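S.K.: Sharing run-v8.pdb (PDB, C-alpha atoms) below.
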```pdb
ATOM      1  CA  MET A   1     -71.164  41.708  -4.489
ATOM      2  CA  THR A   2     -69.693  40.439  -7.751
ATOM      3  CA  ARG A   3     -65.916  40.439  -7.940
ATOM      4  CA  ALA A   4     -63.656  39.991 -10.942
ATOM      5  CA  LEU A   5     -60.252  38.596 -11.812
ATOM      6  CA  ILE A   6     -58.150  40.058 -14.626
ATOM      7  CA  LEU A   7     -55.638  37.529 -15.935
ATOM      8  CA  ALA A   8     -52.362  39.386 -16.451
ATOM      9  CA  ALA A   9     -49.561  36.920 -15.669
ATOM     10  CA  GLY A  10     -48.637  35.597 -19.124
ATOM     11  CA  PHE A  11     -45.367  36.021 -21.006
ATOM     12  CA  GLY A  12     -46.682  37.244 -24.385
ATOM     13  CA  THR A  13     -43.955  35.386 -26.284
ATOM     14  CA  ARG A  14     -45.594  35.873 -29.706
ATOM     15  CA  LEU A  15     -45.068  39.620 -29.359
ATOM     16  CA  GLY A  16     -41.298  39.224 -29.357
ATOM     17  CA  ALA A  17     -39.243  42.063 -27.893
ATOM     18  CA  LEU A  18     -42.350  44.115 -27.089
ATOM     19  CA  SER A  19     -43.266  41.733 -24.276
ATOM     20  CA  ASP A  20     -39.684  41.763 -22.980
ATOM     21  CA  GLU A  21     -40.107  45.444 -22.166
ATOM     22  CA  LEU A  22     -43.724  45.348 -20.988
ATOM     23  CA  PRO A  23     -46.133  42.632 -19.912
ATOM     24  CA  LYS A  24     -48.822  42.201 -22.556
ATOM     25  CA  PRO A  25     -51.613  43.832 -20.488
ATOM     26  CA  LEU A  26     -49.563  47.047 -20.372
ATOM     27  CA  LEU A  27     -49.135  47.375 -24.125
ATOM     28  CA  PRO A  28     -50.827  50.644 -25.057
ATOM     29  CA  VAL A  29     -53.753  50.691 -27.463
ATOM     30  CA  ALA A  30     -54.406  54.304 -28.497
ATOM     31  CA  ASP A  31     -51.955  55.281 -25.738
ATOM     32  CA  VAL A  32     -53.901  53.498 -22.969
ATOM     33  CA  PRO A  33     -52.584  50.227 -21.446
ATOM     34  CA  LEU A  34     -54.773  47.265 -22.394
ATOM     35  CA  ILE A  35     -55.471  46.344 -18.787
ATOM     36  CA  ARG A  36     -57.152  49.691 -18.190
ATOM     37  CA  TYR A  37     -59.755  48.823 -20.822
ATOM     38  CA  ALA A  38     -60.636  45.772 -18.715
ATOM     39  CA  VAL A  39     -60.790  47.840 -15.532
ATOM     40  CA  ALA A  40     -63.030  50.424 -17.235
ATOM     41  CA  LEU A  41     -65.359  47.687 -18.527
ATOM     42  CA  LEU A  42     -65.730  46.202 -15.051
ATOM     43  CA  SER A  43     -66.108  49.554 -13.332
ATOM     44  CA  GLY A  44     -68.682  50.656 -15.902
ATOM     45  CA  HIS A  45     -70.855  47.724 -14.850
ATOM     46  CA  GLY A  46     -70.527  48.495 -11.163
ATOM     47  CA  ILE A  47     -67.848  45.908 -10.390
ATOM     48  CA  ARG A  48     -65.443  47.624  -8.036
ATOM     49  CA  GLN A  49     -63.547  44.764  -6.366
ATOM     50  CA  ILE A  50     -60.949  43.467  -8.792
ATOM     51  CA  VAL A  51     -58.127  40.957  -8.418
ATOM     52  CA  VAL A  52     -55.199  40.928 -10.863
ATOM     53  CA  ASN A  53     -52.845  37.959 -11.102
ATOM     54  CA  LEU A  54     -49.183  38.735 -11.709
ATOM     55  CA  HIS A  55     -46.028  36.984 -12.871
ATOM     56  CA  HIS A  56     -44.078  38.338 -15.883
ATOM     57  CA  ARG A  57     -43.018  41.930 -15.095
ATOM     58  CA  GLY A  58     -45.830  42.032 -12.579
ATOM     59  CA  GLU A  59     -44.292  44.943 -10.703
ATOM     60  CA  LEU A  60     -44.964  47.161 -13.726
ATOM     61  CA  ILE A  61     -48.652  46.263 -13.702
ATOM     62  CA  GLU A  62     -48.860  46.962  -9.975
ATOM     63  CA  ARG A  63     -47.137  50.311 -10.512
ATOM     64  CA  GLU A  64     -49.639  51.224 -13.252
ATOM     65  CA  LEU A  65     -52.802  50.320 -11.324
ATOM     66  CA  GLY A  66     -51.801  50.741  -7.682
ATOM     67  CA  ASP A  67     -54.659  50.022  -5.326
ATOM     68  CA  GLY A  68     -57.161  51.092  -7.977
ATOM     69  CA  SER A  69     -58.369  54.178  -6.142
ATOM     70  CA  ALA A  70     -57.347  56.501  -8.988
ATOM     71  CA  LEU A  71     -59.587  54.432 -11.280
ATOM     72  CA  GLY A  72     -62.522  54.226  -8.889
ATOM     73  CA  VAL A  73     -62.037  50.568  -7.956
ATOM     74  CA  GLU A  74     -60.344  48.406  -5.318
ATOM     75  CA  ILE A  75     -57.535  46.261  -6.704
ATOM     76  CA  SER A  76     -55.736  43.414  -4.954
ATOM     77  CA  TYR A  77     -53.074  41.162  -6.410
ATOM     78  CA  SER A  78     -52.486  37.430  -6.652
ATOM     79  CA  ARG A  79     -48.759  37.004  -7.214
ATOM     80  CA  GLU A  80     -47.437  33.865  -8.868
ATOM     81  CA  PRO A  81     -43.766  33.072  -8.147
ATOM     82  CA  ARG A  82     -43.976  30.626 -11.056
ATOM     83  CA  ILE A  83     -46.428  30.808 -13.936
ATOM     84  CA  LEU A  84     -49.620  28.867 -13.213
ATOM     85  CA  GLY A  85     -51.595  29.201 -16.445
ATOM     86  CA  THR A  86     -55.211  30.293 -16.614
ATOM     87  CA  GLY A  87     -56.541  27.431 -14.510
ATOM     88  CA  GLY A  88     -53.802  27.511 -11.897
ATOM     89  CA  GLY A  89     -53.961  31.304 -11.743
ATOM     90  CA  ILE A  90     -57.696  31.333 -11.100
ATOM     91  CA  ARG A  91     -57.329  28.597  -8.483
ATOM     92  CA  ARG A  92     -54.595  30.503  -6.649
ATOM     93  CA  ALA A  93     -56.678  33.706  -6.601
ATOM     94  CA  LEU A  94     -59.816  31.943  -5.356
ATOM     95  CA  ALA A  95     -59.450  33.077  -1.744
ATOM     96  CA  LEU A  96     -59.581  36.719  -2.903
ATOM     97  CA  LEU A  97     -62.717  36.308  -5.001
ATOM     98  CA  GLY A  98     -65.400  35.698  -2.388
ATOM     99  CA  GLU A  99     -68.154  33.110  -2.225
ATOM    100  CA  GLU A 100     -70.355  34.316  -5.088
ATOM    101  CA  PRO A 101     -69.877  33.602  -8.819
ATOM    102  CA  PHE A 102     -67.155  35.890 -10.167
ATOM    103  CA  LEU A 103     -66.078  37.225 -13.547
ATOM    104  CA  VAL A 104     -62.779  36.462 -15.240
ATOM    105  CA  VAL A 105     -61.472  38.762 -17.991
ATOM    106  CA  ASN A 106     -58.315  38.138 -19.989
ATOM    107  CA  GLY A 107     -55.999  41.131 -19.731
ATOM    108  CA  LYS A 108     -54.934  40.997 -23.392
ATOM    109  CA  ILE A 109     -58.353  41.623 -24.933
ATOM    110  CA  LEU A 110     -60.491  44.620 -25.786
ATOM    111  CA  ILE A 111     -64.189  43.774 -25.788
ATOM    112  CA  ASP A 112     -67.447  45.696 -25.728
ATOM    113  CA  LEU A 113     -69.761  43.514 -23.684
ATOM    114  CA  ASP A 114     -72.795  43.896 -21.427
ATOM    115  CA  LEU A 115     -71.452  42.240 -18.302
ATOM    116  CA  SER A 116     -74.751  42.735 -16.483
ATOM    117  CA  ALA A 117     -76.476  40.658 -19.165
ATOM    118  CA  VAL A 118     -73.772  37.987 -18.899
ATOM    119  CA  LEU A 119     -74.224  37.742 -15.127
ATOM    120  CA  ALA A 120     -78.019  37.599 -15.458
ATOM    121  CA  CYS A 121     -77.693  34.845 -18.066
ATOM    122  CA  HIS A 122     -75.432  32.887 -15.736
ATOM    123  CA  ARG A 123     -77.896  33.115 -12.857
ATOM    124  CA  GLU A 124     -80.856  32.113 -15.006
ATOM    125  CA  SER A 125     -79.077  29.178 -16.668
ATOM    126  CA  GLY A 126     -78.270  27.327 -13.454
ATOM    127  CA  ALA A 127     -74.845  26.500 -14.911
ATOM    128  CA  LEU A 128     -71.692  26.395 -12.825
ATOM    129  CA  ALA A 129     -69.801  28.379 -15.452
ATOM    130  CA  THR A 130     -70.783  30.645 -18.326
ATOM    131  CA  LEU A 131     -68.311  31.215 -21.146
ATOM    132  CA  VAL A 132     -68.656  34.294 -23.335
ATOM    133  CA  VAL A 133     -68.171  33.138 -26.927
ATOM    134  CA  ARG A 134     -68.489  34.725 -30.338
ATOM    135  CA  PRO A 135     -69.163  33.364 -33.831
ATOM    136  CA  ASP A 136     -65.966  32.987 -35.822
ATOM    137  CA  PRO A 137     -65.435  31.319 -39.219
ATOM    138  CA  GLU A 138     -62.001  30.167 -37.997
ATOM    139  CA  ALA A 139     -63.256  28.907 -34.653
ATOM    140  CA  ARG A 140     -61.358  25.630 -35.002
ATOM    141  CA  LEU A 141     -58.050  27.500 -35.071
ATOM    142  CA  TRP A 142     -58.884  28.992 -31.665
ATOM    143  CA  GLY A 143     -60.374  25.815 -30.169
ATOM    144  CA  ALA A 144     -64.004  25.657 -31.198
ATOM    145  CA  ILE A 145     -66.921  25.620 -28.780
ATOM    146  CA  ALA A 146     -70.154  23.880 -29.747
ATOM    147  CA  ALA A 147     -73.259  25.684 -28.501
ATOM    148  CA  PRO A 148     -76.601  26.894 -29.922
ATOM    149  CA  PRO A 149     -76.307  29.921 -32.247
ATOM    150  CA  ASP A 150     -77.902  32.253 -29.700
ATOM    151  CA  GLY A 151     -76.294  30.716 -26.640
ATOM    152  CA  GLY A 152     -77.226  27.884 -24.338
ATOM    153  CA  PRO A 153     -75.748  24.636 -23.003
ATOM    154  CA  ILE A 154     -72.238  23.896 -24.243
ATOM    155  CA  ARG A 155     -72.078  20.573 -26.103
ATOM    156  CA  GLY A 156     -68.403  20.345 -26.960
ATOM    157  CA  LEU A 157     -65.041  22.038 -26.447
ATOM    158  CA  LEU A 158     -61.889  22.313 -28.575
ATOM    159  CA  ASP A 159     -63.019  19.975 -31.336
ATOM    160  CA  GLU A 160     -66.255  21.196 -32.892
ATOM    161  CA  GLY A 161     -68.551  24.177 -33.124
ATOM    162  CA  GLU A 162     -68.801  27.624 -34.687
ATOM    163  CA  HIS A 163     -67.822  29.745 -31.694
ATOM    164  CA  MET A 164     -64.541  30.876 -30.178
ATOM    165  CA  PHE A 165     -63.970  31.608 -26.491
ATOM    166  CA  THR A 166     -63.357  35.316 -25.803
ATOM    167  CA  GLY A 167     -61.544  34.876 -22.486
ATOM    168  CA  VAL A 168     -64.451  36.295 -20.476
ATOM    169  CA  HIS A 169     -66.325  33.877 -18.210
ATOM    170  CA  VAL A 170     -68.314  33.583 -14.998
ATOM    171  CA  LEU A 171     -67.379  30.826 -12.569
ATOM    172  CA  ASP A 172     -68.820  29.385  -9.405
ATOM    173  CA  PRO A 173     -66.096  29.241  -6.709
ATOM    174  CA  ALA A 174     -67.089  25.691  -5.808
ATOM    175  CA  LEU A 175     -66.330  24.595  -9.356
ATOM    176  CA  VAL A 176     -62.892  26.225  -9.369
ATOM    177  CA  ALA A 177     -62.158  24.564  -6.018
ATOM    178  CA  ARG A 178     -62.233  21.218  -7.824
ATOM    179  CA  LEU A 179     -58.871  22.107  -9.387
ATOM    180  CA  PRO A 180     -55.957  20.944  -7.233
ATOM    181  CA  ASP A 181     -54.267  23.750  -5.323
ATOM    182  CA  ASP A 182     -50.801  22.310  -5.861
ATOM    183  CA  GLY A 183     -49.002  25.075  -7.745
ATOM    184  CA  ALA A 184     -49.020  23.225 -11.074
ATOM    185  CA  GLU A 185     -49.535  25.062 -14.339
ATOM    186  CA  ARG A 186     -52.997  24.378 -15.741
ATOM    187  CA  CYS A 187     -55.223  25.623 -18.547
ATOM    188  CA  ILE A 188     -58.764  26.420 -17.435
ATOM    189  CA  VAL A 189     -60.178  24.977 -20.670
ATOM    190  CA  ARG A 190     -58.107  21.822 -21.116
ATOM    191  CA  HIS A 191     -57.743  20.936 -17.448
ATOM    192  CA  GLY A 192     -61.008  22.390 -16.207
ATOM    193  CA  TYR A 193     -63.854  22.823 -18.660
ATOM    194  CA  VAL A 194     -63.118  19.786 -20.853
ATOM    195  CA  PRO A 195     -63.137  17.192 -18.031
ATOM    196  CA  TRP A 196     -65.961  18.999 -16.217
ATOM    197  CA  LEU A 197     -68.166  18.870 -19.309
ATOM    198  CA  ALA A 198     -67.348  15.184 -19.759
ATOM    199  CA  ALA A 199     -68.404  14.618 -16.139
ATOM    200  CA  GLY A 200     -71.770  16.284 -16.750
ATOM    201  CA  VAL A 201     -71.097  19.682 -15.170
ATOM    202  CA  PRO A 202     -73.537  22.212 -16.695
ATOM    203  CA  LEU A 203     -71.627  24.809 -18.735
ATOM    204  CA  HIS A 204     -73.381  27.620 -20.579
ATOM    205  CA  ALA A 205     -72.418  29.794 -23.548
ATOM    206  CA  TYR A 206     -73.298  33.491 -23.820
ATOM    207  CA  VAL A 207     -72.906  34.721 -27.404
ATOM    208  CA  ALA A 208     -71.346  38.185 -27.719
ATOM    209  CA  ARG A 209     -71.743  40.113 -30.961
ATOM    210  CA  GLY A 210     -70.029  43.404 -30.151
ATOM    211  CA  TYR A 211     -66.459  44.482 -30.794
ATOM    212  CA  PHE A 212     -63.710  42.036 -29.821
ATOM    213  CA  MET A 213     -59.962  41.975 -30.360
ATOM    214  CA  GLU A 214     -57.168  40.078 -28.715
ATOM    215  CA  HIS A 215     -53.612  41.320 -29.076
ATOM    216  CA  SER A 216     -51.290  38.312 -28.847
ATOM    217  CA  THR A 217     -49.441  38.891 -32.116
ATOM    218  CA  LEU A 218     -47.812  41.942 -33.658
ATOM    219  CA  ALA A 219     -50.332  41.996 -36.513
ATOM    220  CA  ARG A 220     -53.350  41.872 -34.189
ATOM    221  CA  TYR A 221     -51.802  44.437 -31.856
ATOM    222  CA  LEU A 222     -51.316  46.850 -34.754
ATOM    223  CA  LEU A 223     -54.846  46.191 -36.049
ATOM    224  CA  GLY A 224     -56.248  46.744 -32.565
ATOM    225  CA  ASN A 225     -54.747  50.233 -32.509
ATOM    226  CA  PHE A 226     -56.105  51.001 -35.993
ATOM    227  CA  ASN A 227     -59.570  49.796 -34.994
ATOM    228  CA  VAL A 228     -59.717  52.181 -32.047
ATOM    229  CA  LEU A 229     -58.447  55.150 -34.084
ATOM    230  CA  ARG A 230     -60.862  54.471 -36.945
ATOM    231  CA  GLY A 231     -63.903  54.007 -34.727
ATOM    232  CA  VAL A 232     -64.273  50.316 -35.580
ATOM    233  CA  ALA A 233     -63.938  49.534 -31.884
ATOM    234  CA  ARG A 234     -67.187  50.800 -30.397
ATOM    235  CA  ILE A 235     -66.665  50.803 -26.636
ATOM    236  CA  ALA A 236     -69.370  51.661 -24.147
ATOM    237  CA  TYR A 237     -66.888  52.294 -21.321
ATOM    238  CA  PRO A 238     -63.629  53.730 -22.696
ATOM    239  CA  PRO A 239     -60.778  54.176 -20.212
ATOM    240  CA  GLY A 240     -60.114  57.742 -21.395
ATOM    241  CA  ALA A 241     -59.721  59.806 -24.545
ATOM    242  CA  LEU A 242     -58.720  57.472 -27.363
ATOM    243  CA  VAL A 243     -58.586  59.719 -30.446
ATOM    244  CA  GLY A 244     -57.611  63.287 -31.183
ATOM    245  CA  ILE A 245     -54.996  65.614 -29.720
ATOM    246  CA  ASP A 246     -54.606  66.017 -25.987
ATOM    247  CA  ALA A 247     -54.786  69.573 -24.681
ATOM    248  CA  LEU A 248     -51.337  69.152 -23.107
ATOM    249  CA  ALA A 249     -49.630  68.139 -26.370
ATOM    250  CA  ASN A 250     -47.312  70.701 -27.957
ATOM    251  CA  ILE A 251     -48.047  71.014 -31.685
ATOM    252  CA  ALA A 252     -45.989  73.369 -33.869
ATOM    253  CA  ALA A 253     -48.020  75.797 -35.963
ATOM    254  CA  SER A 254     -46.658  74.448 -39.238
ATOM    255  CA  ALA A 255     -47.241  70.774 -38.362
ATOM    256  CA  GLN A 256     -49.859  68.935 -40.388
ATOM    257  CA  ILE A 257     -52.096  66.473 -38.534
ATOM    258  CA  VAL A 258     -53.961  63.968 -40.699
ATOM    259  CA  HIS A 259     -56.696  62.252 -38.696
ATOM    260  CA  PRO A 260     -57.332  59.746 -37.263
ATOM    261  CA  VAL A 261     -54.561  60.093 -34.700
ATOM    262  CA  ARG A 262     -54.063  59.978 -30.975
ATOM    263  CA  ILE A 263     -51.450  62.422 -29.713
ATOM    264  CA  GLY A 264     -51.019  62.119 -25.971
ATOM    265  CA  PRO A 265     -50.240  64.624 -23.221
ATOM    266  CA  GLY A 266     -46.693  65.950 -23.312
ATOM    267  CA  ALA A 267     -46.050  64.889 -26.916
ATOM    268  CA  ARG A 268     -44.141  67.438 -29.007
ATOM    269  CA  ILE A 269     -44.747  67.722 -32.752
ATOM    270  CA  GLY A 270     -42.128  69.873 -34.475
ATOM    271  CA  GLU A 271     -42.251  72.366 -37.304
ATOM    272  CA  ALA A 272     -43.210  71.021 -40.728
ATOM    273  CA  ALA A 273     -43.899  67.527 -39.392
ATOM    274  CA  THR A 274     -46.736  65.514 -40.938
ATOM    275  CA  ILE A 275     -48.455  63.126 -38.537
ATOM    276  CA  GLY A 276     -51.081  60.594 -39.566
ATOM    277  CA  PRO A 277     -53.300  59.036 -40.540
ATOM    278  CA  ASP A 278     -53.418  56.025 -38.186
ATOM    279  CA  VAL A 279     -50.704  57.220 -35.839
ATOM    280  CA  VAL A 280     -50.460  57.081 -32.048
ATOM    281  CA  ILE A 281     -47.861  59.217 -30.299
ATOM    282  CA  GLY A 282     -47.713  58.670 -26.575
TER     283      GLY A 282
END
```
What does the file become when written as structure tokens?

M.R.:
Amino acid sequence: MTRALILAAGFGTRLGALSDELPKPLLPVADVPLIRYAVALLSGHGIRQIVVNLHHRGELIERELGDGSALGVEISYSREPRILGTGGGIRRALALLGEEPFLVVNGKILIDLDLSAVLACHRESGALATLVVRPDPEARLWGAIAAPPDGGPIRGLLDEGEHMFTGVHVLDPALVARLPDDGAERCIVRHGYVPWLAAGVPLHAYVARGYFMEHSTLARYLLGNFNVLRGVARIAYPPGALVGIDALANIAASAQIVHPVRIGPGARIGEAATIGPDVVIG
């Protein structure tokens, strides 16, 4: 049975004071914490056993998700007393991820992706890792990945290519086990994929063309909310209602609501207020 790891340990320093109050995966997009989009994506593809790594304000993430039963999944946690980075975090969680190839999803992204197709591609390729990439005219700013336009063997990392890495990948446990389990902070790309590719390890690229947004800056976080409200973000497995007015919201008769909005349960909109467009009230 395929398992998955959601990376949720980072500090989110580019978000300033927002990430002081909440870890980045708990920032709400259309009033739903980002990490629940990842859980819904995995659950929608039949992946029920999920590991979440924790460090910065990890107790808040654990409080939000619990054991996963309320979301129809089983969640366990890999706690990091000190930050380990993407590579170190995956290595530490390895014992919880079983003996079959597993998925890794970055907890700060919102992506519409056919995970079943990604897993099938990984099996058919014979690669030890499959990275989900997407075409991007500014790929070099993200750390470009060189691969065929429609996917295939990865030829280069971080220095050439027209694709950016989305933060979704499939890994063989035996490959991850090559990373030292010494508690050092490591990047899965720089300390894993780059030397592995140089050593001849087969790495594959799956090209995704659906909606994608990562939310590491204030501007992208704001745009991510707008995209959901405006229907730009087409999501096959939404984690709940993302637009409109919740039945448990209290809206005064004289209030004017200008769509698109998301007004959550328990919100109170007073007399003569004008709300919207492009507004989320939790």

S.K.: I'd like the neighbourhood of A:Ile109 as number ranges by chain, where a residue qualifies if any of its atoms comes within 9 Å (using only C-alpha atoms), though same-chain residues fewer than 2 positions away should be ignored.

M.R.: A: 25, 34-35, 37-38, 105-107, 111, 166-167, 212-216

S.K.: What do you get, as a VMD selection string, if you spell out every residue that the PyMOL selection byres ((chain A and resi 64-76) around 6) selects here?

M.R.: chain A and resid 48 to 51 61 to 63 77

S.K.: Do you have the atom CA of A:Leu179-atom CA of A:Lys108 distance handy?

M.R.: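 Taking atom CA of A:Leu179 as the start and atom CA of A:Lys108 as the end point, the length is 23.8 Å.
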
S.K.: Give the answer as one residue: which of A:Arg220, A:His204, A:Arg209, A:His191 has the shortest atom-to-atom distance to A:Gly152, using all atoms listed in the file?

M.R.: A:His204

S.K.: Given the PyMOL selection byres ((chain A and resi 165) around 10) and the file above, list the residues it selects as a short mmCIF file (atom, residue, chain, number, x, y, z; two decimals) with C-alpha atoms, keeping the file's coordinate frame.

M.R.:
```
data_model
loop_
_atom_site.label_atom_id
_atom_site.label_comp_id
_atom_site.auth_asym_id
_atom_site.auth_seq_id
_atom_site.Cartn_x
_atom_site.Cartn_y
_atom_site.Cartn_z
CA LEU A 131 -68.31 31.22 -21.15
CA VAL A 132 -68.66 34.29 -23.34
CA VAL A 133 -68.17 33.14 -26.93
CA ARG A 134 -68.49 34.72 -30.34
CA PRO A 135 -69.16 33.36 -33.83
CA ASP A 136 -65.97 32.99 -35.82
CA ALA A 139 -63.26 28.91 -34.65
CA TRP A 142 -58.88 28.99 -31.66
CA GLY A 143 -60.37 25.82 -30.17
CA ALA A 144 -64.00 25.66 -31.20
CA ILE A 145 -66.92 25.62 -28.78
CA LEU A 157 -65.04 22.04 -26.45
CA LEU A 158 -61.89 22.31 -28.58
CA HIS A 163 -67.82 29.74 -31.69
CA MET A 164 -64.54 30.88 -30.18
CA THR A 166 -63.36 35.32 -25.80
CA GLY A 167 -61.54 34.88 -22.49
CA VAL A 168 -64.45 36.30 -20.48
CA HIS A 169 -66.32 33.88 -18.21
CA VAL A 189 -60.18 24.98 -20.67
CA ALA A 205 -72.42 29.79 -23.55
CA TYR A 206 -73.30 33.49 -23.82
CA VAL A 207 -72.91 34.72 -27.40
CA ALA A 208 -71.35 38.18 -27.72
#
```

S.K.: Just so the selection is clear, what residues does the PyMOL selection byres ((chain A and resi 83) around 9) cover here, as a list of chain:residue names?

M.R.: A:Ala9, A:Gly10, A:Phe11, A:Leu54, A:His55, A:His56, A:Glu80, A:Pro81, A:Arg82, A:Leu84, A:Gly85, A:Gly88, A:Gly89, A:Gly183, A:Ala184, A:Glu185

S.K.: Between atom CA of A:Gly240 and atom CA of A:Ala117, measure the distance and give it in Å to one decimal.

M.R.: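 Atom-to-atom, atom CA of A:Gly240 to atom CA of A:Ala117, that is 23.8 Å.
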
S.K.: Can you pull out every residue within 9 Å of A:Val104, counting all atoms listed in the file, but drop anything in the same chain fewer than 5 positions away, and send it as an MDAnalysis selection string?

M.R.: chainID A and resid 3:7 90 167:171

S.K.: Taking only C-alpha atoms into account, which of A:Leu248, A:Ile188, A:Ala8, A:Leu42 comes nearest A:Arg79?

M.R.: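 Of A:Leu248, A:Ile188, A:Ala8, A:Leu42, the one nearest A:Arg79 is A:Ala8, counting only C-alpha atoms.
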
S.K.: So how many Å separate atom CA of A:Gly231 and atom CA of A:Glu271, to one decimal?

M.R.: 28.5 Å

S.K.: Nearest residue to A:Leu223 out of A:Gly151, A:Met1, A:Ala30, A:Ala146, using all atoms listed in the file?

M.R.: A:Ala30
